[in-house]
file data37.txt (compact mmCIF, C-alpha atoms)
# COMPACT_ATOMS: atom_id res chain seq x y z
CA MET A 450 95.35 -38.38 -24.89
CA LEU A 451 98.92 -37.19 -24.63
CA ASN A 452 101.11 -38.14 -27.56
CA THR A 453 104.80 -38.15 -26.67
CA VAL A 454 107.20 -38.75 -29.48
CA SER A 455 110.80 -38.16 -28.55
CA SER A 456 112.80 -36.46 -31.24
CA ALA A 457 115.98 -35.45 -29.42
CA PRO A 458 118.39 -33.61 -31.70
CA ALA A 459 121.69 -35.27 -32.49
CA PRO A 460 124.64 -33.90 -30.52
CA ALA A 461 126.04 -32.32 -33.68
CA ALA A 462 122.79 -30.34 -34.11
CA LEU A 463 123.22 -28.60 -30.73
CA PRO A 464 124.50 -25.06 -30.95
CA PRO A 465 127.81 -24.53 -29.10
CA ALA A 466 126.03 -22.04 -26.83
CA LEU A 467 122.38 -21.35 -26.08
CA ALA A 468 120.73 -18.18 -24.77
CA VAL A 469 118.00 -18.94 -22.24
CA SER A 470 115.59 -16.35 -20.88
CA GLY A 471 116.39 -15.58 -17.24
CA LEU A 472 119.91 -17.04 -17.32
CA VAL A 473 122.82 -14.63 -17.64
CA GLY A 474 125.12 -15.35 -20.56
CA LEU A 475 125.16 -18.20 -22.97
CA LEU A 476 124.62 -21.76 -21.81
CA SER A 477 127.01 -24.49 -22.98
CA VAL A 478 126.83 -28.24 -22.46
CA GLY A 479 128.55 -29.04 -19.17
CA ASP A 480 127.67 -25.75 -17.45
CA ALA A 481 126.46 -25.95 -13.86
CA LEU A 482 122.87 -24.86 -13.17
CA VAL A 483 120.97 -24.74 -9.89
CA HIS A 484 117.43 -26.05 -9.59
CA PRO A 485 115.78 -24.92 -6.33
CA ALA A 486 114.39 -28.33 -5.42
CA HIS A 487 117.21 -30.54 -6.72
CA GLY A 488 120.41 -28.56 -6.22
CA VAL A 489 123.30 -28.25 -8.66
CA GLY A 490 123.10 -30.14 -11.93
CA GLN A 491 124.91 -30.07 -15.23
CA PHE A 492 123.35 -28.79 -18.43
CA ASP A 493 123.30 -31.83 -20.69
CA GLY A 494 121.58 -30.55 -23.82
CA VAL A 495 118.21 -29.74 -25.31
CA ASP A 496 115.40 -32.19 -26.05
CA ALA A 497 112.35 -31.61 -28.19
CA ASP A 498 109.07 -33.47 -27.82
CA GLU A 499 105.74 -33.11 -29.52
CA PHE A 500 102.55 -33.02 -27.45
CA ASP A 501 99.25 -32.95 -29.37
CA GLY A 502 100.92 -31.36 -32.37
CA THR A 503 102.79 -28.74 -30.35
CA ARG A 504 106.56 -28.92 -30.29
CA LEU A 505 108.16 -28.16 -26.91
CA GLU A 506 111.85 -27.82 -26.15
CA PHE A 507 113.35 -28.85 -22.82
CA LEU A 508 116.63 -28.15 -21.06
CA ARG A 509 118.09 -31.45 -19.91
CA LEU A 510 119.89 -31.35 -16.55
CA PHE A 511 121.85 -34.23 -15.09
CA PHE A 512 122.39 -34.60 -11.33
CA ALA A 513 125.27 -37.06 -11.02
CA GLU A 514 124.96 -37.75 -7.27
CA ARG A 515 121.38 -38.94 -7.64
CA ARG A 516 121.70 -40.27 -11.20
CA LEU A 517 118.73 -38.05 -12.03
CA THR A 518 117.94 -36.44 -15.36
CA LEU A 519 115.50 -33.55 -15.17
CA ARG A 520 113.87 -31.87 -18.13
CA VAL A 521 112.75 -28.26 -17.71
CA PRO A 522 110.68 -26.55 -20.42
CA LEU A 523 112.88 -24.00 -22.16
CA GLY A 524 110.28 -21.25 -21.87
CA LYS A 525 109.74 -21.86 -18.16
CA ALA A 526 113.34 -22.07 -16.97
CA GLN A 527 113.17 -18.74 -15.14
CA ARG A 528 109.75 -19.41 -13.60
CA ASN A 529 111.00 -22.80 -12.33
CA GLY A 530 113.85 -21.01 -10.55
CA LEU A 531 116.67 -22.35 -12.71
CA ARG A 532 119.77 -20.20 -12.25
CA ARG A 533 123.54 -20.17 -12.40
CA PRO A 534 125.55 -20.96 -9.24
CA MET A 535 125.94 -18.11 -6.77
CA ALA A 536 128.37 -15.26 -7.34
CA PRO A 537 131.55 -14.89 -5.24
CA GLU A 538 129.93 -11.93 -3.42
CA THR A 539 127.06 -14.17 -2.39
CA LEU A 540 129.55 -16.73 -1.09
CA ASP A 541 131.02 -14.03 1.16
CA ARG A 542 127.51 -13.31 2.51
CA VAL A 543 126.91 -17.06 3.02
CA MET A 544 130.10 -17.35 5.09
CA GLU A 545 129.01 -14.36 7.20
CA VAL A 546 125.66 -16.03 7.88
CA LEU A 547 127.37 -19.30 8.85
CA ALA A 548 129.63 -17.42 11.27
CA ALA A 549 126.71 -15.65 12.98
CA ALA A 550 125.06 -16.89 16.17
CA PRO A 551 122.18 -19.33 15.63
CA ARG A 552 118.67 -17.99 16.04
CA GLY A 553 116.47 -19.86 18.46
CA SER A 554 112.80 -20.43 17.95
CA ARG A 555 109.98 -21.31 20.29
CA VAL A 556 107.80 -22.61 17.48
CA ILE A 557 106.84 -26.27 17.74
CA TRP A 558 109.12 -28.56 15.75
CA ALA A 559 106.50 -29.67 13.21
CA ARG A 560 105.85 -26.12 12.08
CA ARG A 561 109.52 -25.19 12.27
CA ALA A 562 110.48 -28.23 10.16
CA VAL A 563 108.05 -27.13 7.43
CA GLU A 564 109.51 -23.60 7.48
CA LEU A 565 113.10 -24.90 7.35
CA ALA A 566 112.30 -27.32 4.50
CA ALA A 567 110.74 -24.43 2.55
CA LYS A 568 113.92 -22.41 3.10
CA VAL A 569 116.09 -25.27 1.83
CA ASN A 570 113.87 -25.71 -1.25
CA SER A 571 113.87 -21.96 -1.96
CA GLY A 572 117.18 -22.34 -3.76
CA ASP A 573 118.59 -19.16 -2.19
CA PRO A 574 122.09 -19.95 -0.85
CA VAL A 575 121.89 -17.32 1.91
CA THR A 576 118.59 -18.78 3.15
CA VAL A 577 120.04 -22.30 3.05
CA ALA A 578 123.02 -21.02 5.06
CA GLU A 579 120.56 -19.71 7.68
CA VAL A 580 119.14 -23.22 8.03
CA LEU A 581 122.65 -24.66 8.48
CA ARG A 582 123.49 -21.95 11.02
CA ASP A 583 120.35 -22.62 13.07
CA LEU A 584 120.59 -26.42 12.96
CA GLY A 585 124.38 -26.56 13.17
CA ARG A 586 124.60 -26.37 16.94
CA ASN A 587 123.48 -30.02 17.22
CA ALA A 588 125.28 -31.27 14.10
CA GLY A 589 127.23 -34.46 14.64
CA ARG A 590 125.92 -35.08 18.13
CA PRO A 591 124.60 -38.59 18.73
CA ASP A 592 121.46 -37.23 20.42
CA GLN A 593 120.53 -34.96 17.48
CA PRO A 594 116.88 -35.52 16.57
CA THR A 595 116.37 -37.36 13.28
CA GLY A 596 114.29 -34.58 11.72
CA GLU A 597 116.99 -32.01 12.44
CA ARG A 598 119.69 -34.30 11.07
CA VAL A 599 117.80 -34.94 7.83
CA LEU A 600 117.16 -31.23 7.24
CA PHE A 601 120.75 -30.37 8.13
CA GLU A 602 122.10 -32.96 5.68
CA LYS A 603 119.76 -31.77 2.92
CA ALA A 604 120.81 -28.14 3.44
CA MET A 605 124.46 -29.18 3.60
CA ASP A 606 124.13 -31.09 0.32
CA ARG A 607 122.55 -28.09 -1.45
CA LEU A 608 125.03 -25.51 -0.21
CA ALA A 609 128.10 -27.73 -0.60
CA GLY A 610 127.06 -28.53 -4.16
CA GLU A 611 126.78 -24.87 -5.02
CA ILE A 612 130.10 -23.94 -3.39
CA ALA A 613 131.75 -26.87 -5.17
CA ALA A 614 130.38 -25.66 -8.52
CA LEU A 615 131.49 -22.09 -7.85
CA ASP A 616 135.02 -22.90 -6.65
CA ARG A 617 135.44 -26.02 -8.85
CA ILE A 618 136.32 -28.22 -5.89
CA PRO A 619 134.96 -31.62 -4.79
CA ARG A 620 131.67 -31.52 -2.90
CA ALA A 621 133.31 -33.14 0.16
CA ASP A 622 135.84 -30.29 0.35
CA ALA A 623 133.04 -27.73 0.15
CA ALA A 624 131.14 -29.53 2.93
CA ALA A 625 134.29 -29.57 5.08
CA ARG A 626 134.65 -25.83 4.49
CA ILE A 627 131.09 -25.23 5.71
CA LEU A 628 131.58 -27.43 8.78
CA ASP A 629 134.84 -25.63 9.60
CA ARG A 630 133.02 -22.31 9.48
CA LEU A 631 130.29 -23.61 11.80
CA GLN A 632 132.88 -25.05 14.22
CA GLN A 633 134.83 -21.76 14.27
CA ARG A 634 131.64 -20.06 15.40
CA ARG A 635 131.11 -22.65 18.14
CA ALA A 636 134.72 -22.30 19.33
CA ALA A 637 134.40 -18.51 19.47
CA SER A 638 131.26 -18.60 21.64
call {"tool": "encode", "arguments": {"input": "data37.txt", "output": "structure tokens"}}
result
Amino acid sequence: MLNTVSSAPAPAALPPALAVSGLVGLLSVGDALVHPAHGVGQFDGVDADEFDGTRLEFLRLFFAERRLTLRVPLGKAQRNGLRRPMAPETLDRVMEVLAAAPRGSRVIWARRAVELAAKVNSGDPVTVAEVLRDLGRNAGRPDQPTGERVLFEKAMDRLAGEIAALDRIPRADAAARILDRLQQRRAAS
């Protein structure tokens, strides 16, 4: 039987900065972190629970848009894909990918949808930009298939959240920036 007794430390007990394996630099409360399956969240502190006599510490992440709190074991942060938002150099590469011509595929939609969803959940911003590039040609059209629209919106949410965290701008402004880049490509072709 699993015994869960919550013994979260008081806010005063938290160190001002925390070193976490796999994350560059010290981590402070309020820092943005990216989870591959959930997008950009805010580091909210450290929790400690005891399971069968073993004490485990968890990073607590808060995702404001979804009102979701996620706890990631401290020792498994790197294996779970937790990372800092992309670097400015990566943003330049993302914008190049968005400006490139979309790649067509003759794979049936069911298989393609699984591949695209895996790319979105990979957490890699360049890969997510590839999904937006490839699905962007139908974006905003009333006849866009529902599956495409859902994947496009999910990819847009992930990438816009990361750009917003990097540039410290609202998510809506980051999404508008992405859409502008996709429309510039369409206008050029």
call {"tool": "atom_distance", "arguments": {"input": "data37.txt", "atom1": "CA of Glu506 in chain A", "atom2": "CA of Gly572 in chain A"}}
result
23.7 Å
call {"tool": "atom_distance", "arguments": {"input": "data37.txt", "atom1": "CA of Phe511 in chain A", "atom2": "CA of Gly610 in chain A"}}
result
13.4 Å
call {"tool": "closest_residue", "arguments": {"input": "data37.txt", "among": "A:Asp606, A:Ala550, A:Pro574, A:Arg555", "to": "Glu514 in chain A", "atoms": "only C-alpha atoms"}}
result
A:Asp606
call {"tool": "closest_atom_pairs", "arguments": {"input": "data37.txt", "of": "range 455-564 of chain A", "to": "range 624-638 of chain A", "cutoff": "10 Å", "atoms": "only C-alpha atoms", "output": "tab-separated table"}}
result
residue	atom	partner	partner_atom	distance
A:Val543	CA	A:Ile627	CA	9.6
A:Met544	CA	A:Arg630	CA	7.2
A:Glu545	CA	A:Arg630	CA	9.2
A:Val546	CA	A:Leu631	CA	9.7
A:Leu547	CA	A:Leu631	CA	6.0
A:Ala548	CA	A:Arg634	CA	5.3
A:Ala549	CA	A:Arg634	CA	7.0
A:Ala550	CA	A:Arg634	CA	7.3
A:Pro551	CA	A:Arg634	CA	9.5
call {"tool": "atom_distance", "arguments": {"input": "data37.txt", "atom1": "CA of Met535 in chain A", "atom2": "CA of Leu517 in chain A"}}
result
21.8 Å
call {"tool": "closest_residue", "arguments": {"input": "data37.txt", "among": "A:Arg561, A:Leu510, A:Ala604, A:Glu499", "to": "Val478 in chain A", "atoms": "all atoms listed in the file"}}
result
A:Leu510
